Amino acid sequence: RLLYRFYEIQEGQILIDGQDIKRMRVNDLRKQIAIVPQDCVLFNDTIAYNIGYGAVRDPEFKKMVDDPDRKDELIEAVTPASKRAQIYDFILKKKNKWDTVVGERGLKLSGGEK
């Protein structure tokens, strides 16, 4: 929270590459930092749906996610992301592959699988 400047530190300093974050504009700082929450948001749906949901701001992608008849197209679209996330091989080892239901909040997956 301090690093993201939700709160200003009272003493000392936080440096990124030797630069004091107090001297940076908050918006500029936040554009350079990614926050990865410990508890990820997953829907009680398939692996393909959950990965695809990450791109639903794109209207065409949202149509693929929402249309069960476009499942093959969705899988083709999310495969590169699954490979970048190094989860592709895990998906293919699952009995139902892309159709594996992850459970509410991903309860059917281990922490590393999430």
# chains A, B, ... in the order shown; residues from 1 in each chain; ligands from 1

$ select_by_dssp --residues "chain A" --states "strand (DSSP E or B)" --output "ChimeraX atom specification"
/A:15-16,19-20,46,101

$ residues_around --residues "region 99-102 of chain A" --least-positions-apart "6" --cutoff "9 Å" --atoms "only C-alpha atoms" --output "compact mmCIF listing (two decimals) with all heavy atoms, in the first residue's frame"
# COMPACT_ATOMS: atom_id res chain seq x y z
N LEU A 42 -11.71 -15.93 -9.69
CA LEU A 42 -12.05 -16.95 -10.69
C LEU A 42 -13.53 -17.27 -10.56
O LEU A 42 -14.09 -17.26 -9.46
CB LEU A 42 -11.22 -18.22 -10.48
CG LEU A 42 -9.74 -18.10 -10.77
CD1 LEU A 42 -9.00 -19.35 -10.31
CD2 LEU A 42 -9.48 -17.85 -12.24
N PHE A 43 -14.14 -17.56 -11.70
CA PHE A 43 -15.56 -17.89 -11.72
C PHE A 43 -15.72 -19.40 -11.71
O PHE A 43 -14.86 -20.14 -12.19
CB PHE A 43 -16.21 -17.30 -12.97
CG PHE A 43 -16.12 -15.81 -13.03
CD1 PHE A 43 -15.18 -15.20 -13.83
CD2 PHE A 43 -16.96 -15.02 -12.27
CE1 PHE A 43 -15.08 -13.82 -13.88
CE2 PHE A 43 -16.87 -13.64 -12.31
CZ PHE A 43 -15.92 -13.04 -13.13
N ASN A 44 -16.85 -19.86 -11.20
CA ASN A 44 -17.17 -21.28 -11.19
C ASN A 44 -17.56 -21.68 -12.61
O ASN A 44 -18.72 -21.94 -12.92
CB ASN A 44 -18.29 -21.57 -10.20
CG ASN A 44 -18.52 -23.05 -10.02
OD1 ASN A 44 -17.66 -23.86 -10.31
ND2 ASN A 44 -19.69 -23.41 -9.53
N ASP A 45 -16.57 -21.69 -13.46
CA ASP A 45 -16.76 -21.95 -14.89
C ASP A 45 -15.51 -22.64 -15.40
O ASP A 45 -14.65 -23.04 -14.63
CB ASP A 45 -17.02 -20.62 -15.63
CG ASP A 45 -17.92 -20.82 -16.85
OD1 ASP A 45 -17.64 -21.72 -17.66
OD2 ASP A 45 -18.90 -20.07 -16.99
N THR A 46 -15.38 -22.75 -16.70
CA THR A 46 -14.26 -23.48 -17.29
C THR A 46 -12.97 -22.66 -17.28
O THR A 46 -13.00 -21.43 -17.13
CB THR A 46 -14.57 -23.86 -18.75
OG1 THR A 46 -14.67 -22.66 -19.52
CG2 THR A 46 -15.84 -24.68 -18.86
N ILE A 47 -11.87 -23.36 -17.48
CA ILE A 47 -10.58 -22.69 -17.60
C ILE A 47 -10.61 -21.72 -18.78
O ILE A 47 -10.16 -20.58 -18.66
CB ILE A 47 -9.45 -23.72 -17.77
CG1 ILE A 47 -9.24 -24.49 -16.47
CG2 ILE A 47 -8.16 -23.05 -18.21
CD1 ILE A 47 -8.25 -25.64 -16.57
N ALA A 48 -11.16 -22.15 -19.91
CA ALA A 48 -11.23 -21.29 -21.10
C ALA A 48 -12.00 -20.01 -20.79
O ALA A 48 -11.58 -18.91 -21.16
CB ALA A 48 -11.86 -22.03 -22.27
N TYR A 49 -13.13 -20.14 -20.12
CA TYR A 49 -13.94 -18.96 -19.78
C TYR A 49 -13.16 -18.02 -18.89
O TYR A 49 -13.14 -16.81 -19.11
CB TYR A 49 -15.24 -19.39 -19.09
CG TYR A 49 -16.10 -18.21 -18.68
CD1 TYR A 49 -17.05 -17.70 -19.56
CD2 TYR A 49 -15.94 -17.60 -17.45
CE1 TYR A 49 -17.84 -16.61 -19.20
CE2 TYR A 49 -16.71 -16.51 -17.08
CZ TYR A 49 -17.66 -16.03 -17.95
OH TYR A 49 -18.42 -14.94 -17.60
N ASN A 50 -12.52 -18.55 -17.85
CA ASN A 50 -11.80 -17.71 -16.90
C ASN A 50 -10.63 -16.98 -17.55
O ASN A 50 -10.40 -15.81 -17.26
CB ASN A 50 -11.33 -18.54 -15.70
CG ASN A 50 -12.42 -18.69 -14.67
OD1 ASN A 50 -12.69 -17.78 -13.91
ND2 ASN A 50 -13.08 -19.83 -14.68
N ILE A 91 -3.21 -27.44 -18.53
CA ILE A 91 -4.57 -27.53 -19.08
C ILE A 91 -4.72 -28.80 -19.91
O ILE A 91 -5.70 -29.53 -19.77
CB ILE A 91 -4.91 -26.28 -19.93
CG1 ILE A 91 -4.97 -25.04 -19.05
CG2 ILE A 91 -6.22 -26.47 -20.69
CD1 ILE A 91 -4.98 -23.73 -19.80
N LYS A 108 -11.09 -25.66 -6.82
CA LYS A 108 -10.65 -26.97 -7.32
C LYS A 108 -9.22 -26.96 -7.82
O LYS A 108 -8.73 -27.95 -8.32
CB LYS A 108 -11.60 -27.46 -8.42
CG LYS A 108 -13.00 -27.73 -7.94
CD LYS A 108 -13.89 -28.24 -9.06
CE LYS A 108 -15.30 -28.51 -8.55
NZ LYS A 108 -16.15 -29.04 -9.63
N LEU A 109 -8.56 -25.81 -7.69
CA LEU A 109 -7.18 -25.67 -8.12
C LEU A 109 -6.28 -25.42 -6.92
O LEU A 109 -6.71 -24.85 -5.92
CB LEU A 109 -7.05 -24.49 -9.09
CG LEU A 109 -7.89 -24.54 -10.36
CD1 LEU A 109 -7.77 -23.23 -11.12
CD2 LEU A 109 -7.49 -25.71 -11.23
N LYS A 114 -3.80 -21.71 -9.68
CA LYS A 114 -4.56 -20.46 -9.85
C LYS A 114 -3.70 -19.43 -10.53
O LYS A 114 -4.12 -18.68 -11.34
CB LYS A 114 -5.02 -19.93 -8.49
CG LYS A 114 -6.11 -20.77 -7.87
CD LYS A 114 -6.48 -20.19 -6.53
CE LYS A 114 -7.34 -21.15 -5.74
NZ LYS A 114 -7.69 -20.62 -4.42

$ residues_around --residues "Arg30 (chain A)" --least-positions-apart "6" --cutoff "12 Å" --atoms "only C-alpha atoms" --output "PyMOL selection string"
chain A and resi 1-6+21+24

$ residues_around --residues "Leu74 (chain A)" --least-positions-apart "6" --cutoff "12 Å" --atoms "only C-alpha atoms" --output "short mmCIF file (atom, residue, chain, number, x, y, z; two decimals) with N, CA and C atoms, in the first residue's frame"
data_model
loop_
_atom_site.label_atom_id
_atom_site.label_comp_id
_atom_site.auth_asym_id
_atom_site.auth_seq_id
_atom_site.Cartn_x
_atom_site.Cartn_y
_atom_site.Cartn_z
N THR A 46 -15.38 -22.75 -16.70
CA THR A 46 -14.26 -23.48 -17.29
C THR A 46 -12.97 -22.66 -17.28
N ILE A 47 -11.87 -23.36 -17.48
CA ILE A 47 -10.58 -22.69 -17.60
C ILE A 47 -10.61 -21.72 -18.78
N ALA A 48 -11.16 -22.15 -19.91
CA ALA A 48 -11.23 -21.29 -21.10
C ALA A 48 -12.00 -20.01 -20.79
N TYR A 49 -13.13 -20.14 -20.12
CA TYR A 49 -13.94 -18.96 -19.78
C TYR A 49 -13.16 -18.02 -18.89
N ASN A 50 -12.52 -18.55 -17.85
CA ASN A 50 -11.80 -17.71 -16.90
C ASN A 50 -10.63 -16.98 -17.55
N ILE A 51 -9.90 -17.63 -18.42
CA ILE A 51 -8.80 -16.95 -19.12
C ILE A 51 -9.38 -15.92 -20.09
N GLY A 52 -10.41 -16.31 -20.81
CA GLY A 52 -11.03 -15.41 -21.78
C GLY A 52 -11.65 -14.18 -21.15
N TYR A 53 -12.12 -14.32 -19.93
CA TYR A 53 -12.77 -13.19 -19.26
C TYR A 53 -11.82 -12.01 -19.10
N GLY A 54 -10.53 -12.28 -19.07
CA GLY A 54 -9.55 -11.21 -18.93
C GLY A 54 -9.55 -10.22 -20.07
N ALA A 55 -10.18 -10.56 -21.18
CA ALA A 55 -10.19 -9.67 -22.34
C ALA A 55 -11.59 -9.22 -22.74
N VAL A 56 -12.55 -9.30 -21.84
CA VAL A 56 -13.94 -8.99 -22.21
C VAL A 56 -14.19 -7.52 -22.52
N GLU A 60 -15.41 -7.93 -29.41
CA GLU A 60 -15.39 -9.19 -30.17
C GLU A 60 -15.00 -10.36 -29.26
N PHE A 61 -14.07 -10.11 -28.36
CA PHE A 61 -13.65 -11.15 -27.42
C PHE A 61 -14.80 -11.49 -26.49
N LYS A 62 -15.54 -10.47 -26.03
CA LYS A 62 -16.68 -10.70 -25.15
C LYS A 62 -17.71 -11.59 -25.81
N LYS A 63 -17.93 -11.40 -27.10
CA LYS A 63 -18.88 -12.25 -27.83
C LYS A 63 -18.44 -13.70 -27.80
N MET A 64 -17.13 -13.94 -27.95
CA MET A 64 -16.62 -15.31 -27.90
C MET A 64 -16.82 -15.92 -26.51
N VAL A 65 -16.54 -15.15 -25.47
CA VAL A 65 -16.67 -15.64 -24.10
C VAL A 65 -18.13 -15.97 -23.79
N ASP A 66 -19.04 -15.14 -24.26
CA ASP A 66 -20.46 -15.30 -23.94
C ASP A 66 -21.19 -16.33 -24.79
N ASP A 67 -20.59 -16.77 -25.89
CA ASP A 67 -21.28 -17.67 -26.82
C ASP A 67 -20.68 -19.07 -26.77
N PRO A 68 -21.38 -20.03 -26.15
CA PRO A 68 -20.86 -21.40 -26.07
C PRO A 68 -20.57 -22.03 -27.43
N PRO A 80 -2.49 -18.50 -26.68
CA PRO A 80 -1.23 -17.78 -26.48
C PRO A 80 -1.07 -17.24 -25.05
N ALA A 81 -2.14 -16.76 -24.45
CA ALA A 81 -2.07 -16.26 -23.07
C ALA A 81 -1.76 -17.40 -22.11
N SER A 82 -2.34 -18.57 -22.35
CA SER A 82 -2.08 -19.70 -21.46
C SER A 82 -0.63 -20.15 -21.56
N TRP A 98 -9.69 -27.77 -21.58
CA TRP A 98 -10.20 -26.40 -21.50
C TRP A 98 -11.58 -26.32 -20.85
N ASP A 99 -12.30 -27.45 -20.81
CA ASP A 99 -13.64 -27.49 -20.22
C ASP A 99 -13.61 -27.82 -18.73
#

$ closest_residue --among "A:Lys22, A:Asp58, A:Phe90, A:Val78" --to "Gly112 (chain A)" --atoms "only C-alpha atoms"
A:Phe90

$ atom_distance --atom1 "CA of Cys40 (chain A)" --atom2 "CA of Arg57 (chain A)"
18.6 Å

$ atom_distance --atom1 "CA of Ile75 (chain A)" --atom2 "CA of Leu107 (chain A)"
22.1 Å

$ closest_residue --among "A:Pro59, A:Glu11, A:Val41, A:Leu92" --to "Glu104 (chain A)" --atoms "only C-alpha atoms"
A:Val41
